[in-house]
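Structure file final_14.txt (compact mmCIF, C-alpha atoms) is printed below.
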# COMPACT_ATOMS: atom_id res chain seq x y z
CA MET A 113 0.00 0.00 0.00
CA THR A 114 1.32 3.43 -0.94
CA THR A 115 1.57 5.74 2.08
CA SER A 116 3.10 9.12 2.93
CA PRO A 117 5.68 9.84 5.63
CA LEU A 118 3.87 13.10 6.39
CA ALA A 119 0.39 11.61 6.89
CA ASN A 120 0.41 11.67 10.68
CA PRO A 121 0.07 14.47 13.26
CA GLY A 122 3.64 14.29 14.57
CA ALA A 123 5.34 14.47 11.18
CA THR A 124 3.05 17.24 9.97
CA ARG A 125 3.53 19.32 13.11
CA GLY A 126 7.30 18.75 13.02
CA LEU A 127 7.66 19.85 9.40
CA LEU A 128 5.52 22.96 9.96
CA GLU A 129 7.69 23.92 12.91
CA ASP A 130 10.92 23.22 11.00
CA TYR A 131 9.89 25.71 8.32
CA GLY A 132 8.30 28.23 10.69
CA LEU A 133 4.83 27.51 9.33
CA ALA A 134 3.07 26.39 12.50
CA THR A 135 0.91 29.52 12.61
CA LYS A 136 -0.23 29.37 8.99
CA HIS A 137 -3.53 27.70 9.86
CA ARG A 138 -5.07 31.16 9.49
CA LEU A 139 -4.89 30.60 5.73
CA GLY A 140 -7.58 27.96 6.03
CA GLN A 141 -5.19 25.12 5.30
CA ASN A 142 -6.17 21.70 6.61
CA PHE A 143 -3.38 19.14 6.43
CA LEU A 144 -4.22 15.49 5.81
CA ILE A 145 -2.88 13.35 8.67
CA ASP A 146 -4.42 9.94 7.98
CA ASN A 147 -2.39 7.42 5.98
CA HIS A 148 -5.46 5.24 5.47
CA VAL A 149 -7.01 8.07 3.43
CA ILE A 150 -3.79 8.36 1.39
CA GLU A 151 -3.97 4.62 0.70
CA LYS A 152 -7.59 4.88 -0.46
CA ILE A 153 -6.82 7.85 -2.72
CA MET A 154 -3.96 5.93 -4.32
CA ASP A 155 -6.13 2.84 -4.74
CA LEU A 156 -8.83 4.92 -6.42
CA ALA A 157 -6.27 6.60 -8.69
CA ALA A 158 -4.81 3.19 -9.65
CA LEU A 159 -1.62 4.66 -11.14
CA ASP A 160 0.55 2.31 -13.21
CA GLY A 161 3.75 4.35 -13.35
CA THR A 162 3.21 5.93 -16.77
CA GLU A 163 1.07 8.88 -15.68
CA ARG A 164 1.92 12.56 -15.72
CA VAL A 165 0.04 13.78 -12.66
CA VAL A 166 -0.99 17.36 -11.96
CA GLU A 167 -1.76 18.21 -8.34
CA VAL A 168 -3.38 21.43 -7.09
CA GLY A 169 -2.82 22.69 -3.55
CA PRO A 170 -0.08 20.29 -2.42
CA GLY A 171 0.45 22.16 0.87
CA ILE A 172 3.45 20.57 2.55
CA GLY A 173 3.42 17.65 0.10
CA THR A 174 1.62 14.96 2.10
CA LEU A 175 -0.23 13.52 -0.90
CA THR A 176 2.60 14.54 -3.24
CA LEU A 177 5.08 12.16 -1.58
CA ALA A 178 2.68 9.26 -2.13
CA LEU A 179 2.10 10.22 -5.77
CA LEU A 180 5.84 10.41 -6.45
CA GLN A 181 6.13 6.73 -5.59
CA GLU A 182 3.64 5.71 -8.28
CA ALA A 183 3.62 8.30 -11.09
CA ALA A 184 6.10 8.95 -13.88
CA ARG A 185 6.01 12.68 -13.13
CA VAL A 186 4.15 14.92 -10.68
CA VAL A 187 3.64 18.66 -11.16
CA SER A 188 2.09 20.51 -8.22
CA ILE A 189 0.56 23.98 -8.37
CA GLU A 190 0.63 25.94 -5.10
CA ALA A 191 -0.67 29.46 -4.45
CA ASP A 192 0.85 29.97 -0.98
CA ALA A 193 4.36 31.39 -1.48
CA THR A 194 5.40 30.51 2.08
CA LEU A 195 5.22 26.82 1.17
CA GLU A 196 7.78 27.09 -1.62
CA PRO A 197 10.78 26.15 0.59
CA VAL A 198 9.04 22.88 1.51
CA LEU A 199 8.25 22.08 -2.12
CA GLU A 200 11.79 23.01 -3.15
CA THR A 201 13.13 20.44 -0.68
CA HIS A 202 10.86 17.76 -2.18
CA ALA A 203 12.01 18.75 -5.69
CA LEU A 204 15.65 18.35 -4.70
CA GLU A 205 14.95 14.89 -3.32
CA HIS A 206 12.77 13.59 -6.17
CA ASP A 207 13.78 13.75 -9.83
CA ASN A 208 10.20 13.21 -11.01
CA PHE A 209 8.77 16.24 -9.16
CA ARG A 210 8.25 19.79 -10.35
CA TYR A 211 6.16 22.56 -8.87
CA ILE A 212 4.62 25.80 -10.09
CA MET A 213 3.87 28.69 -7.76
CA GLY A 214 0.65 30.44 -8.71
CA ASP A 215 -3.12 30.35 -9.02
CA ALA A 216 -4.17 27.05 -10.59
CA LEU A 217 -7.01 28.80 -12.43
CA LYS A 218 -4.55 31.18 -14.10
CA VAL A 219 -1.60 28.90 -14.84
CA GLU A 220 -1.47 28.12 -18.56
CA PRO A 221 -1.95 24.42 -19.46
CA SER A 222 1.18 24.71 -21.62
CA GLU A 223 3.23 25.61 -18.54
CA VAL A 224 1.95 22.52 -16.76
CA ALA A 225 2.75 20.38 -19.80
CA ASP A 226 6.27 21.79 -19.98
CA ALA A 227 6.89 20.97 -16.32
CA ALA A 228 5.38 17.49 -16.69
CA GLY A 229 7.31 16.58 -19.82
CA GLY A 230 4.03 16.33 -21.72
CA GLU A 231 0.34 17.03 -21.22
CA PRO A 232 -0.92 15.84 -17.82
CA THR A 233 -2.98 12.66 -17.93
CA VAL A 234 -4.30 12.54 -14.34
CA LEU A 235 -5.39 15.11 -11.76
CA VAL A 236 -4.97 13.92 -8.17
CA ALA A 237 -5.43 16.54 -5.47
CA ASN A 238 -6.78 17.55 -2.11
CA LEU A 239 -8.30 20.63 -3.71
CA PRO A 240 -8.77 24.07 -2.13
CA TYR A 241 -12.47 23.82 -1.35
CA ASN A 242 -13.42 27.36 -2.38
CA VAL A 243 -12.37 26.76 -6.01
CA ALA A 244 -12.56 22.97 -6.26
CA ALA A 245 -15.56 22.72 -8.57
CA THR A 246 -14.18 25.37 -10.94
CA ILE A 247 -10.75 23.70 -11.12
CA ILE A 248 -12.20 20.28 -11.97
CA LEU A 249 -14.32 21.57 -14.85
CA GLN A 250 -11.65 23.94 -16.18
CA PHE A 251 -8.94 21.26 -16.19
CA PHE A 252 -11.12 18.82 -18.13
CA GLN A 253 -11.98 21.61 -20.57
CA THR A 254 -8.43 22.87 -21.14
CA MET A 255 -6.31 19.72 -20.76
CA PRO A 256 -7.47 17.28 -23.45
CA ALA A 257 -5.03 14.54 -22.42
CA LEU A 258 -6.48 14.49 -18.89
CA GLN A 259 -8.24 11.15 -18.59
CA THR A 260 -8.91 10.87 -14.86
CA ALA A 261 -9.37 13.07 -11.81
CA VAL A 262 -9.24 11.80 -8.22
CA VAL A 263 -10.06 14.78 -6.06
CA MET A 264 -10.84 15.55 -2.44
CA VAL A 265 -13.63 18.11 -2.20
CA GLN A 266 -16.25 19.28 0.25
CA LYS A 267 -19.01 16.67 0.56
CA GLU A 268 -21.60 19.06 -0.89
CA VAL A 269 -19.47 19.54 -3.99
CA ALA A 270 -19.12 15.77 -4.35
CA ASP A 271 -22.91 15.52 -4.15
CA ARG A 272 -23.27 18.08 -6.95
CA ILE A 273 -20.71 16.27 -9.09
CA ALA A 274 -22.53 12.95 -8.72
CA ALA A 275 -26.11 14.29 -8.89
CA HIS A 276 -28.72 12.88 -11.25
CA PRO A 277 -31.41 14.80 -13.16
CA GLY A 278 -34.56 15.37 -11.13
CA THR A 279 -32.76 15.83 -7.81
CA LYS A 280 -32.32 19.07 -5.87
CA VAL A 281 -28.52 19.09 -6.06
CA TYR A 282 -28.45 18.52 -9.82
CA GLY A 283 -27.68 21.79 -11.55
CA GLY A 284 -25.91 23.56 -14.36
CA TYR A 285 -22.48 22.60 -13.05
CA THR A 286 -23.37 18.91 -13.00
CA ALA A 287 -24.66 19.04 -16.57
CA LYS A 288 -21.61 20.93 -17.88
CA LEU A 289 -19.20 18.53 -16.17
CA GLY A 290 -21.19 15.67 -17.73
CA LEU A 291 -19.98 16.83 -21.15
CA TYR A 292 -16.49 15.70 -20.15
CA ALA A 293 -16.52 13.15 -17.35
CA LYS A 294 -18.51 10.68 -15.27
CA VAL A 295 -18.17 9.56 -11.64
CA ALA A 296 -16.34 6.25 -11.30
CA GLY A 297 -15.84 6.05 -7.52
CA ARG A 298 -16.25 7.88 -4.23
CA PHE A 299 -15.56 7.64 -0.50
CA GLU A 300 -16.15 9.94 2.47
CA VAL A 301 -13.46 11.55 4.63
CA PRO A 302 -14.37 12.76 8.16
CA PRO A 303 -12.94 15.97 9.71
CA ARG A 304 -10.73 14.03 12.16
CA CYS A 305 -8.46 13.05 9.25
CA PHE A 306 -7.15 16.62 9.03
CA MET A 307 -5.14 18.99 11.21
CA PRO A 308 -6.79 21.24 12.16
CA ALA A 309 -10.13 19.49 11.73
CA PRO A 310 -12.34 21.42 9.28
CA HIS A 311 -15.96 22.24 10.03
CA VAL A 312 -17.19 20.38 6.95
CA ASP A 313 -17.25 16.79 5.78
CA SER A 314 -15.15 15.84 2.78
CA ALA A 315 -15.29 13.24 0.03
CA VAL A 316 -12.90 11.89 -2.58
CA VAL A 317 -14.38 11.43 -6.04
CA ARG A 318 -12.95 9.74 -9.11
CA LEU A 319 -13.99 11.13 -12.49
CA ASP A 320 -13.15 9.44 -15.79
CA ARG A 321 -13.26 11.31 -19.08
CA VAL A 322 -16.09 10.35 -21.41
CA GLU A 323 -16.34 10.89 -25.15
CA VAL A 324 -19.72 12.53 -25.58
CA GLU A 325 -21.18 12.88 -29.07
CA MET A 326 -21.95 16.60 -29.39
CA GLY A 327 -23.21 16.55 -32.95
CA GLY A 328 -20.62 19.01 -34.17
CA ILE A 329 -21.72 21.64 -31.66
CA GLU A 330 -18.97 23.38 -29.68
CA PRO A 331 -19.11 22.55 -25.95
CA GLU A 332 -19.16 26.30 -25.20
CA ALA A 333 -22.46 26.58 -27.09
CA ILE A 334 -23.93 23.70 -25.10
CA ALA A 335 -22.69 25.31 -21.89
CA ARG A 336 -24.49 28.55 -22.81
CA VAL A 337 -27.73 26.62 -23.23
CA ILE A 338 -27.22 24.91 -19.87
CA ASP A 339 -26.41 28.20 -18.11
CA ALA A 340 -29.51 29.86 -19.58
CA ALA A 341 -31.72 26.93 -18.63
CA PHE A 342 -30.57 27.06 -15.01
CA ALA A 343 -30.32 30.86 -14.76
CA GLN A 344 -33.71 30.99 -13.06
CA ARG A 345 -34.28 27.40 -12.08
CA ARG A 346 -37.64 28.04 -10.44
CA LYS A 347 -39.01 29.12 -13.80
CA THR A 348 -39.88 26.89 -16.73
CA ILE A 349 -37.00 26.22 -19.07
CA ARG A 350 -38.65 28.38 -21.74
CA ASN A 351 -38.98 31.39 -19.44
CA SER A 352 -35.51 30.98 -17.97
CA MET A 353 -33.85 30.74 -21.37
CA SER A 354 -35.84 33.59 -22.89
CA SER A 355 -34.90 35.78 -19.91
CA SER A 356 -31.27 34.98 -20.76
CA GLY A 357 -31.62 36.27 -24.31
CA PHE A 358 -32.81 33.29 -26.34
CA ASP A 359 -35.56 34.07 -28.87
CA LYS A 360 -38.89 32.56 -27.82
CA THR A 361 -39.86 31.54 -31.35
CA ALA A 362 -36.54 29.75 -31.83
CA LEU A 363 -36.93 28.13 -28.43
CA ASP A 364 -40.41 26.83 -29.23
CA ALA A 365 -39.20 25.33 -32.50
CA ALA A 366 -36.23 23.72 -30.75
CA PHE A 367 -38.35 22.31 -27.92
CA ASP A 368 -40.75 20.84 -30.45
CA ALA A 369 -37.92 19.31 -32.49
CA CYS A 370 -36.40 17.73 -29.36
CA GLY A 371 -39.64 16.57 -27.77
CA ILE A 372 -38.91 18.70 -24.69
CA SER A 373 -41.81 20.36 -22.92
CA PRO A 374 -41.31 24.15 -22.70
CA THR A 375 -42.89 24.00 -19.24
CA ALA A 376 -40.26 21.57 -17.95
CA ARG A 377 -37.72 22.65 -15.35
CA ALA A 378 -34.04 22.57 -16.25
CA GLU A 379 -33.17 20.09 -13.51
CA THR A 380 -35.26 17.40 -15.23
CA LEU A 381 -33.07 17.39 -18.37
CA GLY A 382 -30.04 15.17 -18.80
CA VAL A 383 -26.82 16.00 -20.64
CA ASP A 384 -28.01 14.35 -23.87
CA GLU A 385 -31.16 16.49 -23.89
CA PHE A 386 -29.14 19.70 -23.45
CA ILE A 387 -26.94 18.65 -26.37
CA ARG A 388 -29.99 17.98 -28.58
CA LEU A 389 -31.47 21.33 -27.57
CA ALA A 390 -28.25 23.15 -28.42
CA MET A 391 -28.14 21.38 -31.78
CA ALA A 392 -31.73 22.37 -32.53
CA LEU A 393 -31.08 25.99 -31.58
CA GLU A 394 -28.00 26.14 -33.81
CA ALA A 395 -29.66 24.41 -36.78
CA PRO A 396 -31.39 27.52 -38.24
CA GLU A 397 -28.09 29.44 -38.09
CA SER A 398 -26.23 26.67 -39.92
CA GLU A 399 -28.92 26.45 -42.61
CA ALA A 400 -29.08 30.20 -43.15

Structure encoded using structure tokens:
Amino acid sequence: MTTSPLANPGATRGLLEDYGLATKHRLGQNFLIDNHVIEKIMDLAALDGTERVVEVGPGIGTLTLALLQEAARVVSIEADATLEPVLETHALEHDNFRYIMGDALKVEPSEVADAAGGEPTVLVANLPYNVAATIILQFFQTMPALQTAVVMVQKEVADRIAAHPGTKVYGGYTAKLGLYAKVAGRFEVPPRCFMPAPHVDSAVVRLDRVEVEMGGIEPEAIARVIDAAFAQRRKTIRNSMSSSGFDKTALDAAFDACGISPTARAETLGVDEFIRLAMALEAPESEA
């Protein structure tokens, strides 16, 4: 079983003190201190030694040190400049490790690919919870070689990721992510597995890329349809989309062509239905 030498309270506390970081908890950082969780993450990732892994928010490198044992290359992106000395030490000790200091949402995919010796194929990370959902979707959108993501997120985000049409937690984000990936595994992580313990429950989710037939429509166009449909989710899909700028006549024709009721709510539609709707709405433009 792949473990990490930092995944226990004593080692974590000692490293923080060694680098003068013991008071940095004010940044909202929660360090993973349970090796059993590391083992389960690595099992879910199922790395075979050929992967180029991108990690976001490595912190002191607890998960990183486990990944370095299994992956061909690991590139970690860290926003907290005070953690660079720790990451630099790891880089000196491991030939297959590189790190990038910066905001993961602003780092260019080409920079990650350069550091990884090729486009990243797997995302494995204990993600910063405030931007976790955005990072997952953006990485699948902008890194075409990315085949799998194994990510620790807040439990509520995991619920949104895994939601099905017709449920309260299913929304625009779920539908847009469904254009790229599907859930292939999940487990819960209680607060006691972190130091300090957060006030929320966490979950690790595995997502595998899917090849969705989009009928020649750009995913951005489908995303616009999804956003408009969910813009006012208490309204009917027709009213919500028309309020977002879609022509009502074009909408009615598209609904009729797709067999979608204009009085339906957005949360009842699956990814395939949003794709068909986007195709129908684009058809008049392509025929003009």

Give me the residues within 10 Å of segment 143-150 of chain A as JSON, numbers by chain, counting all atoms listed in the file and dropping any in the same chain fewer than 5 places off.
{"A": [113, 114, 115, 116, 117, 118, 119, 120, 121, 122, 123, 124, 125, 137, 155, 156, 170, 171, 172, 173, 174, 175, 178, 179, 238, 299, 300, 301, 302, 303, 304, 305, 306, 307, 308, 309, 310, 316]}

Find the spatial neighbours of Met326 of chain A, counting only C-alpha atoms, within a cut-off of 10 Å - ignore same-chain residues fewer than 6 positions away - and output them as a ChimeraX atom specification.
/A:291,334,384,386-388,390-391

Go through A:Val295, A:Asn242, A:Ala237, A:Ala257 one by one, measure the shortest atom-to-atom distance of each to Ser222 of chain A using only C-alpha atoms, and give the residue with the smallest value.
A:Ala257

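Of the residues under consideration (A:Tyr241, A:Phe342, A:Phe252, A:Phe358), A:Tyr241 shows the shortest atom-to-atom contact distance to Gln266 of chain A when counting only C-alpha atoms.
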
If you count all atoms listed in the file, which residues fall within 12 Å of segment 196-201 of chain A, apart from same-chain ones fewer than 6 positions away, as JSON, numbers by chain?
{"A": [124, 127, 128, 129, 130, 131, 132, 133, 169, 170, 171, 172, 173, 174, 176, 177, 186, 187, 188, 189, 190, 207, 209, 210, 211, 212, 213, 214]}

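Atom CA of Leu204 of chain A is found 27.3 Å from atom CA of Phe251 of chain A.
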
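Nearest to Ala293 of chain A of all the residues A:Glu268, A:Glu163, A:Asp313, A:Asp320 is A:Asp320, counting only C-alpha atoms.
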
Leaving out Glu182 of chain A and any residue of its chain fewer than 2 positions from it, which residues lie within 7 Å of it when counting all atoms listed in the file, given as a PyMOL selection string?
chain A and resi 159-161+179-180+184

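Among A:Val224, A:Leu393, A:Val219, A:Ala245, the residue with the shortest atom-to-atom distance to Ala333 of chain A, counting only C-alpha atoms, is A:Leu393.
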
Might you pull out every residue within 9 Å of Gly290 of chain A, with all atoms listed in the file counted and same-chain residues fewer than 3 positions away left off, and present them as number ranges by chain?
A: 273, 285-287, 293-294, 322, 324, 382-383

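Considering all atoms listed in the file, the residue among A:Arg345, A:Ala340, A:Ala261, A:Gly328 positioned nearest to Asp359 of chain A is A:Ala340.
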